[in-house]
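Text of start-v2.pdb (PDB, C-alpha atoms) as supplied:
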```pdb
MODEL        1
ATOM      1  CA  MET A 472      30.956  73.588  75.817
ATOM      2  CA  THR A 473      28.319  73.070  78.487
ATOM      3  CA  SER A 474      25.145  71.157  77.668
ATOM      4  CA  LEU A 475      21.775  72.800  77.136
ATOM      5  CA  THR A 476      19.376  72.971  80.097
ATOM      6  CA  ASP A 477      15.829  71.606  79.879
ATOM      7  CA  ASP A 478      14.516  75.160  79.546
ATOM      8  CA  GLN A 479      16.978  75.867  76.737
ATOM      9  CA  LEU A 480      16.046  72.650  74.909
ATOM     10  CA  ASP A 481      12.466  73.870  75.031
ATOM     11  CA  ARG A 482      13.112  77.571  74.262
ATOM     12  CA  TYR A 483      15.320  76.813  71.243
ATOM     13  CA  ALA A 484      13.496  73.654  70.086
ATOM     14  CA  ARG A 485      12.685  75.150  66.654
ATOM     15  CA  HIS A 486      16.358  75.920  66.077
ATOM     16  CA  ILE A 487      17.614  72.616  67.420
ATOM     17  CA  VAL A 488      15.301  70.638  65.140
ATOM     18  CA  LEU A 489      16.836  72.363  62.100
ATOM     19  CA  ARG A 490      19.509  70.005  60.790
ATOM     20  CA  GLU A 491      21.694  72.955  59.738
ATOM     21  CA  VAL A 492      21.623  74.466  63.238
ATOM     22  CA  GLY A 493      20.976  71.652  65.732
ATOM     23  CA  GLY A 494      22.236  71.486  69.303
ATOM     24  CA  ALA A 495      25.762  72.392  68.200
ATOM     25  CA  GLY A 496      24.570  75.531  66.423
ATOM     26  CA  GLN A 497      22.447  76.570  69.398
ATOM     27  CA  LYS A 498      25.415  76.118  71.740
ATOM     28  CA  ALA A 499      27.510  78.217  69.371
ATOM     29  CA  LEU A 500      24.870  80.962  69.541
ATOM     30  CA  LEU A 501      24.842  80.819  73.353
ATOM     31  CA  ALA A 502      28.639  81.119  73.360
ATOM     32  CA  ALA A 503      28.715  83.989  70.846
ATOM     33  CA  HIS A 504      29.079  87.724  71.359
ATOM     34  CA  VAL A 505      27.518  90.094  68.821
ATOM     35  CA  LEU A 506      28.118  93.831  68.932
ATOM     36  CA  VAL A 507      25.195  95.743  67.406
ATOM     37  CA  VAL A 508      26.064  99.245  66.230
ATOM     38  CA  GLY A 509      23.000 101.461  66.190
ATOM     39  CA  ALA A 510      19.753 100.674  67.999
ATOM     40  CA  GLY A 511      17.503 102.302  65.410
ATOM     41  CA  GLY A 512      15.525 101.022  62.437
ATOM     42  CA  ILE A 513      17.964  98.180  61.749
ATOM     43  CA  GLY A 514      19.124  97.656  65.322
ATOM     44  CA  CYS A 515      15.655  97.180  66.861
ATOM     45  CA  PRO A 516      14.587  94.120  64.860
ATOM     46  CA  ALA A 517      18.151  92.769  64.794
ATOM     47  CA  VAL A 518      18.441  92.970  68.574
ATOM     48  CA  GLN A 519      15.028  91.352  69.045
ATOM     49  CA  TYR A 520      15.894  88.341  66.899
ATOM     50  CA  LEU A 521      19.463  87.957  68.188
ATOM     51  CA  ALA A 522      18.142  88.032  71.763
ATOM     52  CA  ALA A 523      15.356  85.582  70.961
ATOM     53  CA  ALA A 524      17.887  83.302  69.239
ATOM     54  CA  GLY A 525      19.903  83.096  72.459
ATOM     55  CA  VAL A 526      23.050  84.896  71.346
ATOM     56  CA  GLY A 527      24.801  84.636  74.705
ATOM     57  CA  ARG A 528      26.224  88.128  74.773
ATOM     58  CA  LEU A 529      24.929  91.276  73.107
ATOM     59  CA  SER A 530      26.540  94.691  73.231
ATOM     60  CA  ILE A 531      24.405  97.526  71.909
ATOM     61  CA  ILE A 532      25.967 100.870  70.976
ATOM     62  CA  ASP A 533      23.903 103.991  70.388
ATOM     63  CA  HIS A 534      24.400 107.528  71.656
ATOM     64  CA  ASP A 535      20.940 108.790  70.668
ATOM     65  CA  GLN A 536      17.757 109.260  72.636
ATOM     66  CA  ILE A 537      14.398 107.962  71.474
ATOM     67  CA  SER A 538      12.338 110.553  69.627
ATOM     68  CA  LEU A 539       8.731 110.544  68.476
ATOM     69  CA  SER A 540       9.747 110.263  64.800
ATOM     70  CA  ASN A 541      11.671 107.020  65.566
ATOM     71  CA  LEU A 542       8.557 105.116  66.626
ATOM     72  CA  GLN A 543       7.246 104.580  63.078
ATOM     73  CA  ARG A 544      10.040 102.025  62.504
ATOM     74  CA  GLN A 545      11.663 101.174  65.856
ATOM     75  CA  PRO A 546       9.121  98.926  67.576
ATOM     76  CA  LEU A 547      11.308  98.091  70.578
ATOM     77  CA  TYR A 548      10.303 101.536  71.836
ATOM     78  CA  GLY A 549       6.962 102.993  72.862
ATOM     79  CA  THR A 550       5.574 106.468  73.388
ATOM     80  CA  GLY A 551       6.573 106.369  77.052
ATOM     81  CA  ASP A 552      10.232 105.845  76.113
ATOM     82  CA  ILE A 553      10.642 109.181  74.326
ATOM     83  CA  GLY A 554      13.741 110.930  75.636
ATOM     84  CA  ALA A 555      15.292 107.730  77.051
ATOM     85  CA  PRO A 556      18.668 106.466  75.760
ATOM     86  CA  LYS A 557      18.188 103.955  72.919
ATOM     87  CA  ALA A 558      21.007 101.598  73.916
ATOM     88  CA  GLU A 559      19.802 101.304  77.518
ATOM     89  CA  THR A 560      16.147 100.931  76.539
ATOM     90  CA  ALA A 561      17.033  98.243  73.978
ATOM     91  CA  ALA A 562      19.187  96.465  76.582
ATOM     92  CA  ALA A 563      16.290  96.495  79.056
ATOM     93  CA  ALA A 564      14.093  94.914  76.370
ATOM     94  CA  VAL A 565      16.703  92.181  75.803
ATOM     95  CA  ALA A 566      16.785  91.431  79.522
ATOM     96  CA  ARG A 567      13.002  91.055  79.431
ATOM     97  CA  LEU A 568      13.053  88.868  76.288
ATOM     98  CA  ASN A 569      15.635  86.260  77.231
ATOM     99  CA  PRO A 570      17.494  85.597  80.514
ATOM    100  CA  ASP A 571      20.167  83.615  78.599
ATOM    101  CA  VAL A 572      21.545  86.824  77.102
ATOM    102  CA  ALA A 573      24.093  88.979  78.919
ATOM    103  CA  VAL A 574      23.487  92.440  77.510
ATOM    104  CA  ALA A 575      25.526  95.625  77.754
ATOM    105  CA  ALA A 576      24.497  99.124  76.639
ATOM    106  CA  ILE A 577      27.167 101.540  75.389
ATOM    107  CA  THR A 578      26.017 105.154  75.017
ATOM    108  CA  GLU A 579      29.224 106.664  73.600
ATOM    109  CA  ALA A 580      29.227 108.072  70.085
ATOM    110  CA  ILE A 581      31.572 106.075  67.834
ATOM    111  CA  THR A 582      34.590 107.961  66.534
ATOM    112  CA  ALA A 583      37.704 106.980  64.600
ATOM    113  CA  ASP A 584      39.598 107.331  67.903
ATOM    114  CA  ASN A 585      37.453 105.251  70.252
ATOM    115  CA  ILE A 586      36.382 102.376  67.986
ATOM    116  CA  ALA A 587      39.603 100.348  68.238
ATOM    117  CA  PRO A 588      39.733 100.407  72.071
ATOM    118  CA  LEU A 589      35.997  99.714  72.128
ATOM    119  CA  LEU A 590      36.446  96.572  70.016
ATOM    120  CA  ALA A 591      39.483  95.555  72.082
ATOM    121  CA  ASP A 592      37.495  95.939  75.330
ATOM    122  CA  THR A 593      34.329  94.183  74.189
ATOM    123  CA  GLN A 594      35.960  91.526  71.924
ATOM    124  CA  PRO A 595      32.875  90.642  69.872
ATOM    125  CA  ASP A 596      32.846  87.610  67.561
ATOM    126  CA  ILE A 597      30.736  89.501  65.015
ATOM    127  CA  VAL A 598      29.794  93.138  64.508
ATOM    128  CA  LEU A 599      26.354  93.916  63.073
ATOM    129  CA  ASP A 600      26.292  97.481  61.800
ATOM    130  CA  GLY A 601      22.943  99.189  61.434
ATOM    131  CA  THR A 602      23.981 102.765  62.036
ATOM    132  CA  ASP A 603      22.470 105.710  60.177
ATOM    133  CA  ASN A 604      25.392 107.227  58.230
ATOM    134  CA  PHE A 605      28.284 106.319  55.940
ATOM    135  CA  MET A 606      30.985 107.982  58.029
ATOM    136  CA  THR A 607      30.317 105.742  61.030
ATOM    137  CA  ARG A 608      29.871 102.678  58.815
ATOM    138  CA  LEU A 609      33.321 103.207  57.304
ATOM    139  CA  ILE A 610      34.921 103.836  60.724
ATOM    140  CA  VAL A 611      33.378 100.601  62.013
ATOM    141  CA  SER A 612      34.389  98.643  58.912
ATOM    142  CA  ASP A 613      38.009  99.842  58.944
ATOM    143  CA  ALA A 614      38.272  98.915  62.634
ATOM    144  CA  CYS A 615      36.745  95.474  62.046
ATOM    145  CA  VAL A 616      39.307  94.723  59.327
ATOM    146  CA  ALA A 617      42.142  95.806  61.650
ATOM    147  CA  ALA A 618      40.757  93.708  64.527
ATOM    148  CA  ARG A 619      39.981  90.768  62.173
ATOM    149  CA  ILE A 620      36.283  90.721  63.137
ATOM    150  CA  PRO A 621      33.619  89.736  60.579
ATOM    151  CA  LEU A 622      31.181  92.552  59.844
ATOM    152  CA  VAL A 623      27.562  92.190  58.825
ATOM    153  CA  SER A 624      26.418  95.483  57.356
ATOM    154  CA  ALA A 625      22.707  96.172  56.948
ATOM    155  CA  ALA A 626      21.476  99.490  55.584
ATOM    156  CA  ILE A 627      18.208 101.058  54.478
ATOM    157  CA  GLY A 628      17.024 104.071  52.563
ATOM    158  CA  MET A 629      13.535 104.870  51.319
ATOM    159  CA  PHE A 630      12.337 101.504  49.923
ATOM    160  CA  GLN A 631      15.734  99.845  49.523
ATOM    161  CA  GLY A 632      17.832  97.616  51.761
ATOM    162  CA  GLN A 633      21.450  96.508  51.299
ATOM    163  CA  VAL A 634      22.960  93.675  53.332
ATOM    164  CA  GLY A 635      26.431  92.169  53.099
ATOM    165  CA  SER A 636      28.828  90.038  55.139
ATOM    166  CA  PHE A 637      32.337  91.460  55.050
ATOM    167  CA  TYR A 638      35.492  89.530  55.930
ATOM    168  CA  GLY A 639      38.048  92.033  54.604
ATOM    169  CA  HIS A 640      40.725  90.705  56.981
ATOM    170  CA  LEU A 641      40.869  87.542  54.842
ATOM    171  CA  PRO A 642      42.992  87.509  51.661
ATOM    172  CA  ASP A 643      40.144  86.697  49.269
ATOM    173  CA  ALA A 644      37.183  88.577  50.786
ATOM    174  CA  PRO A 645      36.088  92.220  50.394
ATOM    175  CA  CYS A 646      35.480  94.763  53.146
ATOM    176  CA  TYR A 647      32.690  97.362  53.245
ATOM    177  CA  ARG A 648      35.079  99.988  51.815
ATOM    178  CA  CYS A 649      35.636  97.767  48.727
ATOM    179  CA  PHE A 650      31.901  98.308  48.162
ATOM    180  CA  VAL A 651      31.348 102.016  48.905
ATOM    181  CA  GLY A 652      34.876 103.370  48.319
ATOM    182  CA  ASP A 653      36.423 106.556  49.640
ATOM    183  CA  ALA A 654      33.850 109.189  48.603
ATOM    184  CA  HIS A 655      31.717 108.870  51.770
ATOM    185  CA  ASP A 656      34.131 109.252  54.698
ATOM    186  CA  ALA A 657      32.814 112.708  55.574
ATOM    187  CA  ASP A 658      29.177 111.779  54.976
ATOM    188  CA  ASP A 659      27.660 111.804  58.455
ATOM    189  CA  CYS A 660      24.107 112.864  57.601
ATOM    190  CA  ASP A 661      21.179 110.694  58.549
ATOM    191  CA  THR A 662      19.776 109.777  55.149
ATOM    192  CA  CYS A 663      16.526 108.424  56.589
ATOM    193  CA  ALA A 664      15.757 111.815  58.086
ATOM    194  CA  ASP A 665      16.413 113.480  54.718
ATOM    195  CA  GLN A 666      14.787 111.015  52.363
ATOM    196  CA  GLY A 667      12.438 108.917  54.462
ATOM    197  CA  VAL A 668      12.160 105.162  54.907
ATOM    198  CA  LEU A 669       9.230 102.800  54.948
ATOM    199  CA  GLY A 670       9.024 101.521  58.536
ATOM    200  CA  ALA A 671       8.273  97.873  57.765
ATOM    201  CA  LEU A 672      11.326  97.716  55.473
ATOM    202  CA  CYS A 673      13.491  98.126  58.586
ATOM    203  CA  GLY A 674      12.005  94.944  60.049
ATOM    204  CA  LEU A 675      12.876  93.019  56.933
ATOM    205  CA  VAL A 676      16.415  94.349  56.579
ATOM    206  CA  GLY A 677      17.216  94.285  60.315
ATOM    207  CA  SER A 678      16.048  90.663  60.530
ATOM    208  CA  PHE A 679      18.134  89.867  57.462
ATOM    209  CA  GLY A 680      21.159  91.325  59.233
ATOM    210  CA  ALA A 681      20.417  89.211  62.323
ATOM    211  CA  MET A 682      20.088  86.153  60.109
ATOM    212  CA  GLU A 683      23.483  86.794  58.502
ATOM    213  CA  ALA A 684      25.057  87.169  61.963
ATOM    214  CA  ILE A 685      23.470  83.853  62.971
ATOM    215  CA  ARG A 686      24.739  82.319  59.707
ATOM    216  CA  ALA A 687      28.251  83.508  60.549
ATOM    217  CA  ILE A 688      28.031  82.015  64.060
ATOM    218  CA  THR A 689      26.407  78.672  63.241
ATOM    219  CA  GLY A 690      27.651  78.163  59.674
ATOM    220  CA  PHE A 691      24.265  77.175  58.225
ATOM    221  CA  GLY A 692      23.713  77.350  54.456
ATOM    222  CA  GLU A 693      25.991  78.913  51.891
ATOM    223  CA  ASP A 694      29.070  81.014  52.489
ATOM    224  CA  ALA A 695      28.087  84.691  52.697
ATOM    225  CA  LYS A 696      31.519  86.190  51.998
ATOM    226  CA  GLY A 697      31.608  88.593  49.086
ATOM    227  CA  LYS A 698      27.846  88.612  48.518
ATOM    228  CA  LEU A 699      25.908  91.817  48.484
ATOM    229  CA  HIS A 700      22.126  91.596  48.686
ATOM    230  CA  VAL A 701      19.979  94.440  47.418
ATOM    231  CA  TYR A 702      16.295  94.457  48.307
ATOM    232  CA  ASP A 703      14.003  96.696  46.294
ATOM    233  CA  GLY A 704      10.779  97.186  48.196
ATOM    234  CA  LEU A 705       9.056  99.026  45.359
ATOM    235  CA  LYS A 706       8.854  95.952  43.106
ATOM    236  CA  PRO A 707       9.470  93.972  45.471
ATOM    237  CA  ASP A 708      12.553  92.056  44.388
ATOM    238  CA  MET A 709      15.852  90.881  45.819
ATOM    239  CA  TYR A 710      19.056  90.765  43.860
ATOM    240  CA  THR A 711      22.399  89.267  44.943
ATOM    241  CA  MET A 712      25.709  90.441  43.510
ATOM    242  CA  ARG A 713      29.245  89.153  43.870
ATOM    243  CA  LEU A 714      31.684  91.678  45.290
ATOM    244  CA  PRO A 715      35.386  90.878  44.835
ATOM    245  CA  LYS A 716      38.114  92.285  47.061
ATOM    246  CA  ASP A 717      39.524  95.456  45.513
ATOM    247  CA  PRO A 718      43.331  95.027  45.485
ATOM    248  CA  ALA A 719      43.595  98.848  45.609
ATOM    249  CA  CYS A 720      41.276  99.212  48.644
ATOM    250  CA  LYS A 721      43.099 101.402  51.160
ATOM    251  CA  THR A 722      41.753  99.382  54.087
ATOM    252  CA  CYS A 723      42.057  95.752  53.028
ATOM    253  CA  GLY A 724      43.812  95.763  49.624
ATOM    254  CA  SER A 725      47.224  95.102  51.176
ATOM    255  CA  LEU A 726      45.802  91.864  52.596
ATOM    256  CA  ALA A 727      44.841  90.568  49.126
ATOM    257  CA  ALA A 728      46.138  87.164  48.037
ATOM    258  CA  ALA A 729      49.140  87.556  45.735
TER     259      ALA A 729
ATOM    260  CA  MET B1167      27.796 102.095  19.531
ATOM    261  CA  LEU B1168      27.662  99.077  21.822
ATOM    262  CA  LYS B1169      24.441  97.326  22.803
ATOM    263  CA  VAL B1170      24.279  96.753  26.548
ATOM    264  CA  ILE B1171      21.668  96.244  29.246
ATOM    265  CA  ILE B1172      21.681  98.689  32.169
ATOM    266  CA  ASN B1173      19.397  97.962  35.129
ATOM    267  CA  GLY B1174      17.257  95.742  32.925
ATOM    268  CA  GLU B1175      16.888  98.218  30.040
ATOM    269  CA  ASP B1176      18.421  97.943  26.570
ATOM    270  CA  LYS B1177      20.806 100.831  25.942
ATOM    271  CA  ARG B1178      23.315 101.889  23.305
ATOM    272  CA  VAL B1179      26.536 103.362  24.698
ATOM    273  CA  SER B1180      29.783 104.687  23.225
ATOM    274  CA  PRO B1181      32.888 102.500  23.388
ATOM    275  CA  GLY B1182      34.975 103.272  26.469
ATOM    276  CA  SER B1183      35.572 102.282  30.057
ATOM    277  CA  VAL B1184      32.864 101.465  32.575
ATOM    278  CA  ALA B1185      33.673 104.788  34.308
ATOM    279  CA  ASP B1186      33.168 106.644  30.987
ATOM    280  CA  MET B1187      29.793 104.952  30.533
ATOM    281  CA  VAL B1188      28.685 105.845  34.052
ATOM    282  CA  ARG B1189      29.716 109.495  33.561
ATOM    283  CA  ALA B1190      27.867 109.633  30.235
ATOM    284  CA  LEU B1191      24.743 108.504  32.096
ATOM    285  CA  GLY B1192      25.151 111.514  34.397
ATOM    286  CA  PHE B1193      26.533 109.729  37.482
ATOM    287  CA  GLN B1194      29.794 110.007  39.424
ATOM    288  CA  PRO B1195      31.556 106.612  39.335
ATOM    289  CA  GLU B1196      33.089 107.123  42.792
ATOM    290  CA  LYS B1197      29.621 107.391  44.351
ATOM    291  CA  LEU B1198      28.112 104.130  43.176
ATOM    292  CA  ALA B1199      28.865 100.462  42.524
ATOM    293  CA  VAL B1200      28.693  98.944  39.052
ATOM    294  CA  GLU B1201      27.991  95.293  38.534
ATOM    295  CA  ARG B1202      29.047  93.906  35.155
ATOM    296  CA  ASN B1203      27.902  90.449  34.146
ATOM    297  CA  ARG B1204      26.968  89.435  37.716
ATOM    298  CA  GLU B1205      30.117  90.692  39.445
ATOM    299  CA  ILE B1206      30.818  94.147  40.879
ATOM    300  CA  VAL B1207      33.724  95.823  39.084
ATOM    301  CA  PRO B1208      36.398  96.658  41.700
ATOM    302  CA  ARG B1209      36.321 100.407  42.245
ATOM    303  CA  SER B1210      39.968 100.837  41.215
ATOM    304  CA  MET B1211      39.243  99.094  37.882
ATOM    305  CA  LEU B1212      36.245 101.192  36.770
ATOM    306  CA  GLY B1213      38.468 103.332  34.530
ATOM    307  CA  GLU B1214      40.243 100.316  33.031
ATOM    308  CA  VAL B1215      37.530  97.747  32.384
ATOM    309  CA  MET B1216      36.190  98.367  28.870
ATOM    310  CA  VAL B1217      32.520  98.025  28.007
ATOM    311  CA  ALA B1218      31.886  95.117  25.618
ATOM    312  CA  ASP B1219      28.934  94.511  23.307
ATOM    313  CA  GLY B1220      26.262  92.518  25.151
ATOM    314  CA  ASP B1221      27.445  93.430  28.674
ATOM    315  CA  MET B1222      24.811  93.473  31.391
ATOM    316  CA  PHE B1223      25.151  96.183  34.047
ATOM    317  CA  GLU B1224      23.447  96.955  37.308
ATOM    318  CA  ILE B1225      24.213 100.372  38.731
ATOM    319  CA  VAL B1226      23.743 100.420  42.494
ATOM    320  CA  HIS B1227      23.378 103.601  44.526
ATOM    321  CA  PHE B1228      24.352 103.074  48.147
ATOM    322  CA  VAL B1229      21.966 103.348  51.041
ATOM    323  CA  GLY B1230      23.475 103.976  54.463
ATOM    324  CA  GLY B1231      20.531 104.501  56.776
ATOM    325  CA  GLY B1232      19.613 102.535  59.841
TER     326      GLY B1232
ENDMDL
END
```
Show me, as structure tokens, the structure contained in the file I just sent.
Amino acid sequence: MTSLTDDQLDRYARHIVLREVGGAGQKALLAAHVLVVGAGGIGCPAVQYLAAAGVGRLSIIDHDQISLSNLQRQPLYGTGDIGAPKAETAAAAVARLNPDVAVAAITEAITADNIAPLLADTQPDIVLDGTDNFMTRLIVSDACVAARIPLVSAAIGMFQGQVGSFYGHLPDAPCYRCFVGDAHDADDCDTCADQGVLGALCGLVGSFGAMEAIRAITGFGEDAKGKLHVYDGLKPDMYTMRLPKDPACKTCGSLAAA
Amino acid sequence: MLKVIINGEDKRVSPGSVADMVRALGFQPEKLAVERNREIVPRSMLGEVMVADGDMFEIVHFVGGG
């Protein structure tokens, strides 16, 4: 691995001074590729912090255009961006934020048919999913298990956030389907549009997702596998649960340890 | 009746499986996650794991927005 430049030592000084990250962790970030699915309420803050952290390669997938009702919670975008593609606008912001990051925008809609080739082409180390519906989340999760890619899933609704790190390709770790099951595969409605979401909650949950991706890359702190974090913004309160692999899960159950 | 705690509240529930308890509360077990004594019950086991006196449950409704 190449050494850090003087500018990088300065830019990432607050990471490098952390014993749990250090120069080795920063180099790992610069060598890492994170694929962010959805450049909306979760994706905006996640992309900002991953770019600032010097994740060397970011791919951003979103097929939507920026609308006026997005701006309450998607602060990468301004009024002048309405109508522009989210992925490309977010990628332009990344290029402005940090020259260390090679960023790619993908404006295709994710389907069960194109996700596997998309992962094979881009070859991310981690996928961070912040998309707006269960159908896409399950498509992404199933494909990550098949491609053996760790998945950080971050989701919001109204005042609640749910964040988990899923390693379903491993024998002792659950996948996202172990959590939500099979009752949501056809559920493609945007729940935020139906039920609302407090804008600032997206910053909290999107940053949490970015932090879990950075944890996966650098290995700081405790192992995140099989933990599901639920944030209740009404109280506020955060609660962490243990999620075991479901041996009957149709996606990852066959990979369970005997 | 069994004494349990559900989402922080004391409740009395009939003996049965975790899925039975969830249905009696008016929910569909396939649409939520149930944590029992700090660990989520695997979805395929919801109909088999029996509620015990003193169990602590958290019932989690999924959010999928972004």
Quick one: which chain B residues come within 12 Å of chain A, and what is the nearest atom pair for each with the distance in Å to one decimal, counting all atoms listed in the file, rows ordered by chain and ascending number, as CSV?
```
residue,atom,partner,partner_atom,distance
B:Asn1173,CA,A:Tyr710,CA,11.3
B:Gln1194,CA,A:Ala654,CA,10.1
B:Pro1195,CA,A:Ala654,CA,9.9
B:Glu1196,CA,A:Ala654,CA,6.2
B:Lys1197,CA,A:Ala654,CA,6.3
B:Leu1198,CA,A:Val651,CA,6.9
B:Ala1199,CA,A:Phe650,CA,6.8
B:Val1200,CA,A:Phe650,CA,9.7
B:Glu1201,CA,A:Met712,CA,7.3
B:Arg1202,CA,A:Met712,CA,9.6
B:Asn1203,CA,A:Met712,CA,9.6
B:Arg1204,CA,A:Met712,CA,6.0
B:Glu1205,CA,A:Arg713,CA,4.8
B:Ile1206,CA,A:Leu714,CA,5.1
B:Val1207,CA,A:Leu714,CA,7.7
B:Pro1208,CA,A:Asp717,CA,5.1
B:Arg1209,CA,A:Asp717,CA,6.7
B:Ser1210,CA,A:Ala719,CA,6.0
B:Met1211,CA,A:Asp717,CA,8.5
B:Leu1212,CA,A:Asp717,CA,11.0
B:Phe1223,CA,A:Met712,CA,11.1
B:Glu1224,CA,A:Met712,CA,9.3
B:Ile1225,CA,A:Met712,CA,11.1
B:Val1226,CA,A:Val701,CA,8.6
B:His1227,CA,A:Val651,CA,9.2
B:Phe1228,CA,A:Val651,CA,7.1
B:Val1229,CA,A:Gly628,CA,5.2
B:Gly1230,CA,A:Ala626,CA,5.0
B:Gly1231,CA,A:Asp603,CA,4.1
B:Gly1232,CA,A:Asp603,CA,4.3
```
**Prompt:** If the PyMOL selection byres ((chain A and resi 518-527) around 8) is run on the structure shown, which residues does it catch, given as a PyMOL selection string?
**Reply:** chain A and resi 483+497+500-505+507+510+514-517+528-529+547+561+565+568-569+571-573+678+681+685
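Relative to CA of Asp643 (chain A), CA of His700 (chain A) is found at 18.7 Å.
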**Request:** Starting from the displayed file, determine the output of the PyMOL selection byres ((chain A and resi 557) around 12) and express the residue list as a VMD selection string.
**Result:** chain A and resid 508 to 512 514 to 515 518 531 to 538 541 to 542 545 to 549 552 to 556 558 to 564 576 to 579
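Here CA of Gly635 (chain A) and CA of Val623 (chain A) stand 5.8 Å from one another.
Each of B:Leu1191, B:Asp1221, B:Glu1214, B:Met1167 was checked against Val1179 (chain B) using all atoms listed in the file; the smallest atom-to-atom distance is that of B:Met1167.
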**Request:** Could you expand the PyMOL selection byres ((chain B and resi 1177) around 12) into the explicit residues it covers here, written as a PyMOL selection string?
**Result:** chain B and resi 1167-1176+1178-1180+1187+1191+1219-1223
**Message:** What does the structure give for the distance between CA of Ala644 (chain A) and CA of Lys696 (chain A), in Å to one decimal?
**Reply:** 6.3 Å
Box for region 623-640 of chain A: with edges along x, y and z, all listed atoms inside and 5 Å added on each side, what are the centre and edge lengths in Å to one decimal, as JSON?
```
{"center_x": 26.5, "center_y": 97.2, "center_z": 54.2, "size_x": 38.4, "size_y": 25.3, "size_z": 19.3}
```
**Prompt:** Which is closer to Gly690 (chain A) than all the others in A:Ala499, A:Ala727, A:Ile487, A:Leu480, using all atoms listed in the file?
**Reply:** A:Ala499
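Around Val1184 (chain B), within 7 Å and counting only C-alpha atoms, the residues found are Gly1182, Asp1186, Met1187, Val1188, Leu1212, Gly1213, Val1215, Met1216 and Val1217 of chain B, once anything fewer than 2 positions away on its own chain is removed.
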